[in-house]
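A.B. asks: I have a structure here, written as structure tokens, and I will follow up with some questions on it.
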There are 4 protein chains.
Amino acid sequence: MLSRLREKSVEFRDPLHGFIEVSPLEMKIVDSPPFQRLRSVHQLALTHLVYHGAEHTRFGHSLGTMHLVTRVFKAVIAKRPSYFKPEQTRWYLQILRLIALTHDLGHAPFSHASGSLFPDKQDHEDYTEQIIKSPPIADVITEIGEQLVKELGVDCNITPDLVAGVYRGKATNPHLIFLRKFMDSELDCDKMDYLLRDSYYCGVQYGKYDLDRLVESLMIYEGEDKMPRLAIGVGGVHAVEGFILARYFMFLQVYFHKTRRLYDKMLTDFLTENLPGGKYPKDVRKFLSWDDQKVWSLILQNQESNQRAGNLCNRILSRLVYESPPHSTNDQRRQFNLILNLLKKKFPEVDFYTDGADKLPHKLPSRYNVDDEKAIVVVRNFTSVPVSLSEQSEVIKSLTTPINILRIYSPGSAYEAAKDYVDSLVKDMNPSTKNGSE
Amino acid sequence: MLSRLREKSVEFRDPLHGFIEVSPLEMKIVDSPPFQRLRSVHQLALTHLVYHGAEHTRFGHSLGTMHLVTRVFKAVIAKRPSYFKPEQTRWYLQILRLIALTHDLGHAPFSHASGSLFPDKQDHEDYTEQIIKSPPIADVITEIGEQLVKELGVDCNITPDLVAGVYRGKATNPHLIFLRKFMDSELDCDKMDYLLRDSYYCGVQYGKYDLDRLVESLMIYEGEDKMPRLAIGVGGVHAVEGFILARYFMFLQVYFHKTRRLYDKMLTDFLTENLPGGKYPKDVRKFLSWDDQKVWSLILQNQESNQRAGNLCNRILSRLVYESPPHSTNDQRRQFNLILNLLKKKFPEVDFYTDGADKLPHKLPSRYNVDDEKAIVVVRNFTSVPVSLSEQSEVIKSLTTPINILRIYSPGSAYEAAKDYVDSLVKDMNPSTKNGSE
Amino acid sequence: MLSRLREKSVEFRDPLHGFIEVSPLEMKIVDSPPFQRLRSVHQLALTHLVYHGAEHTRFGHSLGTMHLVTRVFKAVIAKRPSYFKPEQTRWYLQILRLIALTHDLGHAPFSHASGSLFPDKQDHEDYTEQIIKSPPIADVITEIGEQLVKELGVDCNITPDLVAGVYRGKATNPHLIFLRKFMDSELDCDKMDYLLRDSYYCGVQYGKYDLDRLVESLMIYEGEDKMPRLAIGVGGVHAVEGFILARYFMFLQVYFHKTRRLYDKMLTDFLTENLPGGKYPKDVRKFLSWDDQKVWSLILQNQESNQRAGNLCNRILSRLVYESPPHSTNDQRRQFNLILNLLKKKFPEVDFYTDGADKLPHKLPSRYNVDDEKAIVVVRNFTSVPVSLSEQSEVIKSLTTPINILRIYSPGSAYEAAKDYVDSLVKDMNPSTKNGSE
Amino acid sequence: MLSRLREKSVEFRDPLHGFIEVSPLEMKIVDSPPFQRLRSVHQLALTHLVYHGAEHTRFGHSLGTMHLVTRVFKAVIAKRPSYFKPEQTRWYLQILRLIALTHDLGHAPFSHASGSLFPDKQDHEDYTEQIIKSPPIADVITEIGEQLVKELGVDCNITPDLVAGVYRGKATNPHLIFLRKFMDSELDCDKMDYLLRDSYYCGVQYGKYDLDRLVESLMIYEGEDKMPRLAIGVGGVHAVEGFILARYFMFLQVYFHKTRRLYDKMLTDFLTENLPGGKYPKDVRKFLSWDDQKVWSLILQNQESNQRAGNLCNRILSRLVYESPPHSTNDQRRQFNLILNLLKKKFPEVDFYTDGADKLPHKLPSRYNVDDEKAIVVVRNFTSVPVSLSEQSEVIKSLTTPINILRIYSPGSAYEAAKDYVDSLVKDMNPSTKNGSE
């Protein structure tokens, strides 16, 4: 199949970005089994059981990310057209496109849901790296590299090692370090795509932000160390704030949704018990045979014999009896532990589920250091002195408390009693209100 | 699972319609296995292999249709609030909601794709009817009926037979005949939902129309036979035109897409060979075990041994060598046959696929008869005399030639030769152009 | 003011197109009084009195058209990058941008509304031509031309005469004739922008079409006469159909709205009576002092003394008593005349308004002649023989009956009596219905 | 004109909300001169000179607010249908609709821009109150009241005093205090409409939020004092956060845009000099003759003689030479003052403009007191104990620093020199950077 000849670019119609152009050689990746497997890896695991529209897979997201990284890179270059040599510009863009296209190939079935099921403490990025370096993907990358060498000269080769190296942050060349920011930073094209895409399919507004303005305001900033950095003009600060808030809200409202988290846990628990050795295969070729469909078939086959499988098939869910505020403080965590332990003592036979969902709203350094590798540099109009984003933005500055949602779920059978007990504990904690009504 | 208690309405967040409200008793249908099975019946079969965004299933469409039928019915009633008695209004609305919710339960895997695989010349509507009349759906409908009898009186019962009867057009009561128009007519809520939904997921504009105006302009018209009919005010004519054109364009651009049609054919051919007896089971319970996942598993298992399965898995497609215009005339059909037969003679060993996709742009009667059951009556401002839509609309009047697209596909191996031969035949048919350049 | 220095491109944030880029020299046109005057020329005359959202002016439309012509030209060139020499490509694009930016400068106040008020049978295009050829616009165009000569060579000059010549169709060079199609044809960027823009501001769906697909499918076709033509790939036929239908519906639903037409007539009647000599000034500089605000001030000043002004200010409208179908036949026109004359005889003292709104749905030739200058050529996949759009499209083929809406308005005081009389006439024309109920 | 008879509701097509329904009696207000005047009061003053799409007026916003207040009130009542008596529910809704429809009638030309030009320290709300209490508005309200008394009984009267009293917060009845929250609180329908509307016309994303979820989650909460309060369910917290952030971003990005603020100042300065006594008339009837058109005519007439008028007409703008961060600290304010004073000393002949734009991101109390009148109560799932929004939301909690943007503008002639000087001062303040490069 890889031998199919396509003479001209293929255009994919995308609900988010209009037409996405894929070159004939890139199409060999799209047409390959590891990429087609993404059609059976839901972007948001079992989220469609909560938001029914979210039936989308990593196939569209991978194309969308490649489209966005192209758009962003071109916008950045347009502002300093001669920062790189012409052949470098083409070369770097091709590297970025290949990283974007392949960056999710190593995802386990149901995406992040079962991330803990990788063997040897590996993660999906390790698998992605291996897939990039193995046939058939490696062969296509090599072919693209040879093509570039022919057109641009021997300096512009692309190899599987190069793609994987830039992606994994192993490159030391300043230009390649710069490239990586487009695909792995607080402002990367991976996030840019999935926020819009997940919002679109879920039917929510939370993940939307001002993409046009964001793209428009990104630029190259060269610090005193002569290293290029991804920076934004001062006019784009609010677009970045909107972007970071979009991500924050998507975590609170969709990614950390109480029922979605529960499904993830049920899925992981089932797989831990039912995968050989409780893990996905080490061998990449075998690993690639696992997709959502194969996992779900396993669940279906076991629905009678295995209670976890039965619960998943029939959506028999435990129910939330207690939840901390989204950014729980130390006191609130202690309170949570107390309630949990009291519950366990009161209902020793009940198998309560607990879950802790935590995330930093962003990883931008709060110290005002433009030279910090993670800083987003803001280029201001009124001074030649750039500042760090956290200095410029009140929103970023104040959004530093980690998300930390603690939850206790009870099986349905014990739910009423457990909930009543938790309610009584909560009331006892708020006696003033009671008094107020006396 | 059906015993789950829900005290209040559940709201589903829908990308098209915002929040969709489902009552506790209706939720018993949503929670039942026949309805949950719709999560594994893609709305547009294998269309996501062409438009990658179209990964949506009949689950969301069924909810959306129920939402729309509610909205439309309420808008119609708001213009003549006392046309039905208050208890009738509630009763009829509940009947409509149940029809909308259940109307797609009988779809075979991959929706229409394999419709020809039903036994005994049945179709998906026959299966839907059987599913409505069997547990667990029948039980819930009965329970809802009992509830209504309690609240509204014995005249307002709802039974599985009633729901199925209205849906299948067997009811003779004028009110019930009227109800059916909301779910089965040239302007029904099934089409209203799927056009918008398919456009949204495919990422195309073709299926969009002015939903607000359409809903706003629908009304009851009582003809001289005192039968209520679904009519539109003259201000809504263009919204109806837009709606009918939306459907027309979706057929041409999406539903009859050359590659999508090919996938449907490949799928049907595979199933005809591989289903027991070449058909889905007669028994409804067994039938319901078949969904997209089960069919796709079967294809995967056979991909080595069965060429059709292998081709499907690896997207090895025949390629189009000839296509008629979308509305082929008799002459164009003769031309098609000639080319086909010449091709077969020239390449006797090649297995060419042919396909004919046909559809009426609409079924509105072109004679101006407002009493025709299929007519859409237009209530005009300037006269008390209503007219038929086809009289009022130039677009409807002129859009009467059936779509009829004839296609010849060649296996990839023979493609170049076959295409060259077809091209030479086409050139020979257009000698004047050649002469023109001499 | 024209001396303002701007070093870099300015970006206008547009609700339709995102960011619109304007070069420093082009900004001199945008900043000039004739262009700023467009901020006081409503795009749709008094339509905001009907669709309250439609408060937009020709300022945004002119920028939007320049943006679209750039996007379309680039898309067309991308498919045949070496059809023109590189310097020609840049030169032609600049010509197109200047035409798009200036094409509406000659509009009278309230746009088309008072088009008949130009002296000497001139029209707004004549005035546009004069404005292009006079300072300050001519000076800027000359400056841009000089700049291009410096950069691209003496062949690439741009003069006011050239811009006006291409715009008015006086150029005889095949390339320049080709350019004109982007701004004056059945598929031009002027229409592309205003359909989307008017829909957006009115809040209607009618004018929306698949812009991405349309742009994507446009291409250069070189016929046997070696002349370049604007053509579309066969995959874009439905996008073109959607575009032509969008225009058709906008005429029926917005541009020919009964109340909007009435306001236009009231405005024209008032101006005919109150402009010096019943016409706008011949002198372009004096003409440019007239904008919506100046006309409306005149109306306000005369609202007590002049009844037409008073009616406009206070929205005292005549009301529709009779309207023909949108595509009236000869019989329906006779019927209209009969009703009108009977009305006049019955109410000799009443001043009825009549209006006839007519328009061709499109001007595409129905004969299948790809060499006709007005034809849109469709380049098909399966043959090297291109066809004309009307051959390929059932919609275009059938949408040939002209729109012709005939209306009679009555002053409010006589409305009830006149309407009753018209109703009785209509009933008398439809006796069969009466009989039916007897 | 107020005597026009309309028998049925009129529907306005709105770009934001679809169809907006207005009753026949309410149409008398819409048709009245004070309401029609809003067609000549731009919603965002001269913002269209910056964001060219923003040509919208308070006419559409007033209709939109009435639509939203209806939608929100109905959603709130639907969750506790018997909280008010049926006749109260209708009565309260009509009061709210009238407040929403009339709430902006007292705006001066160009909306807030020239608010300081009211005489006697009055503001636009004082004028609104007077307009509500005078004919013709008062007459229509009285007529509506009489109609309600007829239909619902004598307790349900509506008078101009009642409408104005609720609007201005003078009502003491707990129900009426509750009503006011829909039109004047941190979550009111005025803000809900203008954020969406301004975003739509400007073409930005900043003001968008999850309207559906927000409306869905609003409810009545009755505290221990038995007073009804507007509250939100815990599922709506993020929608409220999104809403408050939308407002925050619109202030930073649109309402406090540097050029927009400058235009406001230029307009106010001109009017202070040119209005009789520097103020708008005290007399409401005379005041109502002032709209954007009248003010702009005055500017046009004076453009030769008055420099401020000339600058406005020709958009000759001062330019920004220094700007503080958006939330300037005490130190940053001192820094600003220092720069300003040094500038004045260095360029004593230059007339620098300064501007300070300040605003609280929200006025929600940060103390966790649900009984505080300004608190938004959050009703949580897991306890019967409600909390205050600021307790539940990290975003609200942290967004407390006021916006405070300080700016210095220089006339164009002095710009280059002034800017260079400011730049040198800024560099001197950041010596470390300099050193770093040595």
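Lettering and numbering for the structure tokens are positional, with chains as A, B, ... in the shown order, residues counted from 1 in each chain, and ligands counted from 1 in the shown order.
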Report as a VMD selection string the set of chain C residues whose atoms approach chain A to within 8 Å, with distances computed over only C-alpha atoms.

C.D. replies: chain C and resid 18 to 19 212

A.B. asks: For N, CA and C atoms, I'd like the residues from the last selection saved as a tab-separated table (two decimals), in the first residue's frame.

C.D. replies:
```tsv
chain	number	residue	atom	x	y	z
C	18	GLY	N	-11.36	37.62	9.39
C	18	GLY	CA	-10.22	37.66	10.32
C	18	GLY	C	-9.40	38.91	10.08
C	19	PHE	N	-8.11	38.76	9.84
C	19	PHE	CA	-7.28	39.94	9.64
C	19	PHE	C	-7.14	40.28	8.16
C	212	ASP	N	-14.63	28.34	1.28
C	212	ASP	CA	-13.37	27.60	1.20
C	212	ASP	C	-13.31	26.73	-0.05
```

A.B. asks: For Thr102 of chain D, find every residue with an atom within 8 Å (counting only C-alpha atoms), except residues of its own chain fewer than 6 positions away, and show them as a list in words.

C.D. replies: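 Near Thr102 of chain D, the qualifying residues are Phe35, Ser62, Thr128 and Ile132 of chain D.
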
A.B. asks: Would you mind exporting C-alpha atoms of the selected residues as a PDB file, in the first residue's frame?

C.D. replies:
```pdb
ATOM      1  CA  PHE D  35     -36.575  54.371  21.009  1.00  0.00           C
ATOM      2  CA  SER D  62     -32.107  47.035  23.695  1.00  0.00           C
ATOM      3  CA  THR D 128     -33.554  57.123  31.352  1.00  0.00           C
ATOM      4  CA  ILE D 132     -39.625  56.418  31.232  1.00  0.00           C
TER       5      ILE D 132
END
```

A.B. asks: Rounded to one decimal place, report the atom CA of Arg168 of chain D-atom CA of Lys121 of chain D distance in Å.

C.D. replies: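 Going from atom CA of Arg168 of chain D over to atom CA of Lys121 of chain D, I get 16.1 Å.
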
A.B. asks: Compile the contact shell of Gln122 of chain C as a PyMOL selection string: residues with an atom at most 12 Å away, counting only C-alpha atoms, same-chain residues fewer than 4 positions apart removed.

C.D. replies: chain C and resi 106-108+115-118+126-130+279-282

A.B. asks: Considering only C-alpha atoms, return as a list in words whatever protein or nucleic-acid residues lie within 8 Å of Pro402 of chain B, sequence-local ones (same chain, fewer than 3 positions apart) excluded.

C.D. replies: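 Result of the neighbour search: His327, Asp358, Lys359, Leu360 and Pro361 of chain B.
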
A.B. asks: Could you give me, as a list in words, the residues within 6 Å of Ile376 of chain D, counting only C-alpha atoms and dropping anything in the same chain fewer than 4 positions from it?

C.D. replies: Ala231, Ser388 and Leu389 of chain D

A.B. asks: Residues near Cys202 of chain B, anyone? I mean within 9 Å using only C-alpha atoms, not counting same-chain ones fewer than 2 positions away, as a list in words.

C.D. replies: Arg13, Asp14 and Pro15 of chain A; Thr47, His48, Tyr51, His52, Gly53, Ala54, Glu55, Arg197, Asp198, Ser199, Tyr200, Val204, Gln205 and Val254 of chain B

A.B. asks: I'd like the contact shell of Gly145 of chain A - 7 Å cut-off, only C-alpha atoms, skipping same-chain residues fewer than 6 positions apart - returned as a list in words.

C.D. replies: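 Listed by chain and then number, they are Asn157, Ile158 and Thr159 of chain A.
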
A.B. asks: Name the residues of segment 288-360 of chain A that fall into helix (DSSP H, G or I) according to DSSP on the backbone, using the chain letters and numbers of this document, as a PyMOL selection string.

C.D. replies: chain A and resi 292-301+307-313+330-346

A.B. asks: Taking the chain letters and numbering used in this document, name the residues of segment 209-257 of chain B that DSSP puts in strand (DSSP E), as a JSON list (two decimals) with C-alpha atoms, in the first residue's frame.

C.D. replies:
```json
[["chain", "number", "residue", "atom", "x", "y", "z"],
["B", 218, "LEU", "CA", -44.44, 26.14, 10.13],
["B", 219, "MET", "CA", -48.11, 26.10, 11.05],
["B", 220, "ILE", "CA", -51.31, 24.07, 11.01],
["B", 221, "TYR", "CA", -53.52, 24.52, 7.98],
["B", 222, "GLU", "CA", -56.97, 23.08, 8.01],
["B", 228, "PRO", "CA", -55.01, 19.40, 9.80],
["B", 229, "ARG", "CA", -51.98, 19.68, 7.54],
["B", 230, "LEU", "CA", -48.47, 20.91, 8.14],
["B", 231, "ALA", "CA", -48.21, 24.20, 6.23],
["B", 232, "ILE", "CA", -45.83, 27.11, 5.97],
["B", 233, "GLY", "CA", -46.44, 30.83, 5.94]]
```

A.B. asks: Work out how far apart atom CA of Gln147 of chain C and atom CA of Asp188 of chain C are and give it in Å to one decimal.

C.D. replies: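 It comes out at 27.6 Å.
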